[in-house]
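*Asks:* Sharing a structure, written as structure tokens. Questions coming.
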Amino acid sequence: MSIASLTVVLILSVFLIFVLGLPVAFSLSGVAMIYASLLWGTDALGIIFYAAFGTMTNFVIVAIPLFILMGFILQNSGVADRVYDLMHKWMGSVNGGLAIGTVWICTLMAAMVGVAGPAIITMSVLSFPAMMSRKYDRRIAIGSIMAGGTLGILIPPSIPMILYASVTSLSVGKMFAAAIVPGLILSFLYTVYIGIRCARNWKLGPALPLEERASWREKVIALRGTVLPILLILGVLGSIFLGIATPTEAAAVGVAGAVICALAHRRFSWSMIKSACYDTVRLSGMVMWILIGAACFSRFYFGMGAADLVKGAIMTAGLNRWVVLILMELSLVVLGMILEGFAIVLIAGPIYGPVIISMGFNPLWFGILFMLHLQVALLTPPYGFALFYMKGALYDKHVPISAIWRSALPFIPIQLLVIVLVMVFPELSLWLPNLLLD
């Protein structure tokens with residue numbers, strides 16, 4: 001059987017198992033083991049074993065549970081509560097101010113947790129009831145929370161970004177630096193959209209009544225709650241950018257800093273640490289199983305010569321390299337509708353990375369485009385994880401999934417606009433890493 005035919009068989013097999021309800025990790029690893037045994041004999045299972053072992057012992061991957069632990073400690077230490085209180089006092093007097101403040105808080109949380117889930121869940125608890133009690137339009141409230149939460153994919157220390165850098169042999173520090181400007185642009189455009197809509201129709205997001213607005217003294221006092229989180233973010237990311245620490249070492253320092261934040265806010269307790277560790281193990285376990293499954297599948301697929309097949313097919317097709325790039329991006333959109341983000345990184349990253357280099361594109365620039373597409377995938381059904389996070393967080397509010405999808409819809413064109421901007425103006429992603437790390 002040719003590699004092309006086997007590729008079709010593998011893809012159909014994986015999708016069939018998905019339809020049957022088997023988890024992504026076991027679908028990928030199971031297909032790899034079955035076909036490796038059929039084609040190469042049972043001795044080939046050793047390749048699968050070393051793929052799994054190599055994933056578990058990758059030094060860069062160790063940063064993932066550490067960053068997750070840092071995020072959960074900060075989430076449980078009351079940092080988000082203090083930041084929300086700040087935004088509530090500073091932005092409450094503006095139409096749509098609570099929704100705009102929610103996006104800003106999610107931007108800050110993205111720089112602390114590295115994934116989308118905690119920001120969406122936390123702001124669903126803090127921000128959604130406050131907006132609903134002040135007669136905000138439900139779609140604006142839900143959409144701002146989900147769109148802001150997806151920034152965790154793009155703004156460092158993004159966990160998917162660490163994975164992408166590890167499988168494509170890119171510098172994690174450069175990836176982090178390259179993502180900052182596009183991430184801030186996206187956050188800014190979210191707030192502009194909310195501000196314009198609420199300015200044109202104040203009923204979508206009415207300002208706080210005069211009696212509920214904070215005085216300037218209260219606003220200044222509220223600023224104190226952001227000092228430690230901002231210092232922590234600057235310390236973690238700054239140590240990576242300046243070459244003082246590796247991402248793993250910086251993540252360990254971040255955990256220690258998160259504990260200090262909890263102590264400073266008088267929210268430290270062993271029960272809080274226990275809860276944070278439990279949540280970390282649960283999320284890290286899910287991530288690691290997906291990594292192992294995708295690594296097994298990728299090792300088998302590459303062992304068949306699939307990377308050379310894809311590269312050769314593209315080179316001999318005679319297509320313009322920009323056409324090839326757009327086709328790759330469209331494939332990421334399709335994959336985002338049916339696969340989890342970590343699986344997409346580990347399946348598509350190693351295949352597309354070498355092809356991008358062979359066509360003369362900057363691999364760091366393409367890596368940011370890859371992350372932007374993963375962010376779009378979080379909001380697109382049927383597998384958009386942000387939709388499920390939001391549905392789970394609002395389980396007692398009886399909000400149908402269709403309403404959640406409609407709330408996310410206006411923010412997807414904004415994400416696509418930023419993708420186009422980064423494609424047309426590569427310096428948006430390359431300027432900062434060239435300035436800091438060259």
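Residues in the structure tokens are named by chain (A, B, ... in the order shown) and by number from 1 within that chain; ligands are numbered from 1 in the order shown.
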Extract the full set of alpha helix (DSSP H) residues from segment 314-421 of chain A according to DSSP on the backbone, and format it as a ChimeraX atom specification.
*Replies:* /A:314-317,321-338,341-358,363-379,385-393,401-408,412-421
*Asks:* Write the residues of the preceding selection, restricted to C-alpha atoms, as an mmCIF file, in the first residue's frame.
*Replies:*
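Printed below is selection.cif as written:
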```
data_model
loop_
_atom_site.group_PDB
_atom_site.id
_atom_site.type_symbol
_atom_site.label_atom_id
_atom_site.label_comp_id
_atom_site.auth_asym_id
_atom_site.auth_seq_id
_atom_site.Cartn_x
_atom_site.Cartn_y
_atom_site.Cartn_z
ATOM 1 C CA ILE A 314 3.666 20.417 -2.340
ATOM 2 C CA MET A 315 6.939 21.007 -4.175
ATOM 3 C CA THR A 316 5.851 19.105 -7.284
ATOM 4 C CA ALA A 317 2.361 20.601 -7.431
ATOM 5 C CA ARG A 321 3.857 29.324 -2.017
ATOM 6 C CA TRP A 322 1.180 31.731 -0.764
ATOM 7 C CA VAL A 323 -1.501 29.417 -2.100
ATOM 8 C CA VAL A 324 0.122 26.553 -0.215
ATOM 9 C CA LEU A 325 0.246 28.677 2.944
ATOM 10 C CA ILE A 326 -3.451 29.533 2.679
ATOM 11 C CA LEU A 327 -4.313 25.858 2.092
ATOM 12 C CA MET A 328 -2.390 24.972 5.255
ATOM 13 C CA GLU A 329 -4.296 27.595 7.194
ATOM 14 C CA LEU A 330 -7.624 26.333 5.866
ATOM 15 C CA SER A 331 -6.657 22.830 6.969
ATOM 16 C CA LEU A 332 -6.024 24.198 10.475
ATOM 17 C CA VAL A 333 -9.527 25.677 10.470
ATOM 18 C CA VAL A 334 -10.987 22.281 9.552
ATOM 19 C CA LEU A 335 -8.852 20.459 12.124
ATOM 20 C CA GLY A 336 -9.936 22.977 14.759
ATOM 21 C CA MET A 337 -13.548 21.961 14.250
ATOM 22 C CA ILE A 338 -12.879 18.300 15.043
ATOM 23 C CA GLY A 341 -5.674 22.119 20.167
ATOM 24 C CA PHE A 342 -2.854 20.029 21.646
ATOM 25 C CA ALA A 343 -3.503 17.254 19.145
ATOM 26 C CA ILE A 344 -3.470 19.744 16.269
ATOM 27 C CA VAL A 345 -0.088 21.064 17.382
ATOM 28 C CA LEU A 346 1.468 17.623 17.615
ATOM 29 C CA ILE A 347 0.020 16.315 14.359
ATOM 30 C CA ALA A 348 0.237 19.352 12.051
ATOM 31 C CA GLY A 349 3.222 21.152 13.598
ATOM 32 C CA PRO A 350 5.940 18.627 12.689
ATOM 33 C CA ILE A 351 4.524 18.236 9.151
ATOM 34 C CA TYR A 352 3.983 21.897 8.303
ATOM 35 C CA GLY A 353 7.113 23.259 10.010
ATOM 36 C CA PRO A 354 9.691 21.822 7.549
ATOM 37 C CA VAL A 355 7.481 22.658 4.564
ATOM 38 C CA ILE A 356 7.254 26.298 5.655
ATOM 39 C CA ILE A 357 11.042 26.503 5.909
ATOM 40 C CA SER A 358 11.528 24.850 2.497
ATOM 41 C CA PRO A 363 9.027 29.619 10.751
ATOM 42 C CA LEU A 364 8.540 31.916 13.755
ATOM 43 C CA TRP A 365 6.030 34.017 11.825
ATOM 44 C CA PHE A 366 4.146 30.893 10.750
ATOM 45 C CA GLY A 367 4.143 29.666 14.350
ATOM 46 C CA ILE A 368 2.203 32.762 15.399
ATOM 47 C CA LEU A 369 -0.257 32.242 12.533
ATOM 48 C CA PHE A 370 -0.626 28.653 13.761
ATOM 49 C CA MET A 371 -1.449 29.888 17.285
ATOM 50 C CA LEU A 372 -3.941 32.415 15.941
ATOM 51 C CA HIS A 373 -5.766 29.645 14.110
ATOM 52 C CA LEU A 374 -5.859 27.564 17.292
ATOM 53 C CA GLN A 375 -7.517 30.528 18.953
ATOM 54 C CA VAL A 376 -10.176 30.626 16.238
ATOM 55 C CA ALA A 377 -10.698 26.893 16.785
ATOM 56 C CA LEU A 378 -11.620 27.556 20.423
ATOM 57 C CA LEU A 379 -14.719 29.468 19.288
ATOM 58 C CA PHE A 385 -13.471 24.184 23.751
ATOM 59 C CA ALA A 386 -14.323 27.751 24.810
ATOM 60 C CA LEU A 387 -17.983 26.979 24.081
ATOM 61 C CA PHE A 388 -17.861 23.944 26.365
ATOM 62 C CA TYR A 389 -16.005 25.822 29.113
ATOM 63 C CA MET A 390 -18.681 28.518 29.002
ATOM 64 C CA LYS A 391 -21.521 26.021 28.949
ATOM 65 C CA GLY A 392 -20.061 24.212 31.956
ATOM 66 C CA ALA A 393 -19.528 27.432 33.887
ATOM 67 C CA ILE A 401 -25.291 26.032 23.690
ATOM 68 C CA SER A 402 -26.848 27.711 20.631
ATOM 69 C CA ALA A 403 -26.967 31.029 22.497
ATOM 70 C CA ILE A 404 -23.328 30.611 23.520
ATOM 71 C CA TRP A 405 -22.334 29.979 19.895
ATOM 72 C CA ARG A 406 -24.205 33.076 18.691
ATOM 73 C CA SER A 407 -22.419 35.125 21.365
ATOM 74 C CA ALA A 408 -19.018 34.002 20.057
ATOM 75 C CA ILE A 412 -14.448 35.303 15.044
ATOM 76 C CA PRO A 413 -14.119 37.904 12.226
ATOM 77 C CA ILE A 414 -11.923 39.965 14.568
ATOM 78 C CA GLN A 415 -9.635 36.957 15.021
ATOM 79 C CA LEU A 416 -9.526 36.418 11.258
ATOM 80 C CA LEU A 417 -8.694 40.097 10.763
ATOM 81 C CA VAL A 418 -5.646 39.780 13.018
ATOM 82 C CA ILE A 419 -4.548 36.682 11.067
ATOM 83 C CA VAL A 420 -4.685 38.735 7.860
ATOM 84 C CA LEU A 421 -2.794 41.605 9.510
#
```
*Asks:* Work out how far atom CA of Ile159 of chain A is from atom CA of Gly54 of chain A, in Å to one decimal.
*Replies:* 18.2 Å
*Asks:* Do a neighbour search on segment 217-224 of chain A at 8 Å with only C-alpha atoms, toss out local chain neighbours closer than 4 positions, and write the hits as a list in words.
*Replies:*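 The filter keeps Arg82, Asp85, Leu86, Lys89 and Trp90 of chain A.
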*Asks:* Excluding Leu126 of chain A and residues on its chain fewer than 2 positions from it, collect all residues at most 12 Å away from it, counting only C-alpha atoms, and give them as JSON, numbers by chain.
*Replies:* {"A": [75, 78, 79, 80, 81, 82, 83, 84, 85, 87, 88, 98, 99, 101, 102, 105, 106, 119, 120, 121, 122, 123, 124, 128, 129, 130, 131, 132, 133, 141, 145, 393, 394]}
*Asks:* Mind writing the picked residues with C-alpha atoms as a tab-separated table (two decimals), in the first residue's frame?
*Replies:*
```
chain	number	residue	atom	x	y	z
A	75	GLN	CA	-6.75	31.73	40.49
A	78	GLY	CA	-7.98	35.87	44.98
A	79	VAL	CA	-5.86	37.69	42.39
A	80	ALA	CA	-8.68	37.60	39.84
A	81	ASP	CA	-11.12	39.01	42.43
A	82	ARG	CA	-8.86	41.99	43.10
A	83	VAL	CA	-8.23	42.65	39.42
A	84	TYR	CA	-11.95	42.49	38.69
A	85	ASP	CA	-12.62	44.93	41.53
A	87	MET	CA	-11.74	47.05	36.46
A	88	HIS	CA	-15.20	47.40	37.99
A	98	LEU	CA	-17.65	45.90	32.47
A	99	ALA	CA	-17.34	43.87	29.26
A	101	GLY	CA	-12.77	45.36	31.66
A	102	THR	CA	-13.50	41.64	31.39
A	105	ILE	CA	-8.70	40.97	32.93
A	106	CYS	CA	-8.63	37.96	30.62
A	119	ALA	CA	-9.97	32.72	32.56
A	120	ILE	CA	-13.33	31.72	31.04
A	121	ILE	CA	-14.46	29.87	34.15
A	122	THR	CA	-13.25	32.55	36.59
A	123	MET	CA	-14.83	35.44	34.68
A	124	SER	CA	-18.06	33.46	34.28
A	128	PHE	CA	-21.19	37.37	34.12
A	129	PRO	CA	-23.49	37.82	37.18
A	130	ALA	CA	-22.33	41.44	37.57
A	131	MET	CA	-23.11	42.24	33.92
A	132	MET	CA	-26.46	40.48	34.03
A	133	SER	CA	-27.49	42.34	37.21
A	141	ALA	CA	-21.48	39.42	28.29
A	145	ILE	CA	-15.74	36.37	28.41
A	393	ALA	CA	-19.53	27.43	33.89
A	394	LEU	CA	-23.13	28.54	33.23
```
*Asks:* Can you work out the spacing between atom CA of Trp40 of chain A and atom CA of Phe15 of chain A in Å, to one decimal?
*Replies:* 22.9 Å
*Asks:* May I have the residues within 8 Å of Met175 of chain A as a list in words, using only C-alpha atoms and disregarding those fewer than 2 positions away in the same chain?
*Replies:* Met161, Ala165, Leu170, Ser171, Val172, Gly173, Ala177, Ala178, Ala179, Leu364, Gly367, Ile368 and Pro433 of chain A
*Asks:* Taking C-alpha atoms for each residue, export the selection above as an mmCIF file, in the first residue's frame.
*Replies:*
```
data_model
loop_
_atom_site.group_PDB
_atom_site.id
_atom_site.type_symbol
_atom_site.label_atom_id
_atom_site.label_comp_id
_atom_site.auth_asym_id
_atom_site.auth_seq_id
_atom_site.Cartn_x
_atom_site.Cartn_y
_atom_site.Cartn_z
ATOM 1 C CA MET A 161 2.983 27.596 22.205
ATOM 2 C CA ALA A 165 8.117 25.270 19.855
ATOM 3 C CA LEU A 170 11.888 26.801 17.679
ATOM 4 C CA SER A 171 12.985 28.945 20.598
ATOM 5 C CA VAL A 172 10.260 29.164 23.235
ATOM 6 C CA GLY A 173 11.500 32.616 24.220
ATOM 7 C CA ALA A 177 8.092 37.472 22.286
ATOM 8 C CA ALA A 178 6.567 37.099 18.809
ATOM 9 C CA ALA A 179 3.081 36.555 20.236
ATOM 10 C CA LEU A 364 8.540 31.916 13.755
ATOM 11 C CA GLY A 367 4.143 29.666 14.350
ATOM 12 C CA ILE A 368 2.203 32.762 15.399
ATOM 13 C CA PRO A 433 11.824 38.963 19.114
#
```
*Asks:* Counting only C-alpha atoms, figure out which residue out of A:Glu212, A:Asp279, A:Asp43, A:Asp137 gets nearest to Leu66 of chain A.
*Replies:* A:Asp279
*Asks:* Which is closer to Val181 of chain A than all the others in A:Val62, A:Ile273, A:Leu28, A:Ile155, using only C-alpha atoms?
*Replies:*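 Among the listed residues, A:Ile155 lies closest to Val181 of chain A.
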*Asks:* When you draw a straight line from atom CA of Glu427 of chain A to atom CA of Ala116 of chain A, how long is it in Å?
*Replies:* 25.8 Å
*Asks:* Between A:Phe67, A:Phe188, A:Trp202, A:Phe241, which one has atoms that come closest to Val94 of chain A, using only C-alpha atoms?
*Replies:*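 Under the stated criterion, the closest residue is A:Trp202.
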*Asks:* Can you pull out the residues contacting segment 254-266 of chain A? Cut-off 12 Å, using only C-alpha atoms, and skip same-chain residues under 3 positions away; I want them as a PyMOL selection string.
*Replies:* chain A and resi 63-82+111-114+157+224-240+245+247-251+269-270+272-273+276-277+280
*Asks:* Excluding same-chain residues fewer than 2 positions from Ser27 of chain A, what lies within 12 Å of it counting only C-alpha atoms, as a PyMOL selection string?
*Replies:* chain A and resi 10-25+29-34+289-290+292-294+296-297+339+343
*Asks:* Write the residues of the selection above to a file with C-alpha atoms, as a short mmCIF file (atom, residue, chain, number, x, y, z; two decimals), in the first residue's frame.
*Replies:*
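For reference, selection.cif as written:
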```
data_model
loop_
_atom_site.label_atom_id
_atom_site.label_comp_id
_atom_site.auth_asym_id
_atom_site.auth_seq_id
_atom_site.Cartn_x
_atom_site.Cartn_y
_atom_site.Cartn_z
CA LEU A 10 -5.19 6.30 8.89
CA ILE A 11 -7.29 9.47 8.82
CA LEU A 12 -10.51 7.53 8.28
CA SER A 13 -9.59 5.13 11.09
CA VAL A 14 -8.93 7.97 13.55
CA PHE A 15 -12.20 9.73 12.67
CA LEU A 16 -14.13 6.47 12.97
CA ILE A 17 -12.80 5.95 16.47
CA PHE A 18 -13.62 9.59 17.33
CA VAL A 19 -17.20 8.98 16.24
CA LEU A 20 -17.36 5.92 18.50
CA GLY A 21 -16.52 8.18 21.44
CA LEU A 22 -13.00 7.05 22.35
CA PRO A 23 -10.84 9.88 23.76
CA VAL A 24 -8.46 11.65 21.38
CA ALA A 25 -5.30 10.37 23.08
CA SER A 29 -2.06 5.97 19.99
CA GLY A 30 -4.35 2.98 19.33
CA VAL A 31 -4.38 3.55 15.57
CA ALA A 32 -0.59 3.95 15.58
CA MET A 33 -0.05 0.68 17.47
CA ILE A 34 -2.50 -1.33 15.36
CA TRP A 289 -2.12 11.73 27.50
CA ILE A 290 -2.94 13.77 24.42
CA ILE A 292 1.65 10.83 24.23
CA GLY A 293 -1.10 9.76 21.85
CA ALA A 294 -0.19 12.39 19.28
CA CYS A 296 2.92 7.93 18.98
CA PHE A 297 0.81 8.70 15.93
CA LEU A 339 -9.70 18.08 17.16
CA ALA A 343 -3.50 17.25 19.15
#
```
*Asks:* Measuring between only C-alpha atoms, which one of A:Met288, A:Tyr136, A:Phe411, A:Gly360 shows the shortest distance to Thr380 of chain A?
*Replies:*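 Comparing A:Met288, A:Tyr136, A:Phe411, A:Gly360 against Thr380 of chain A, the winner is A:Phe411.
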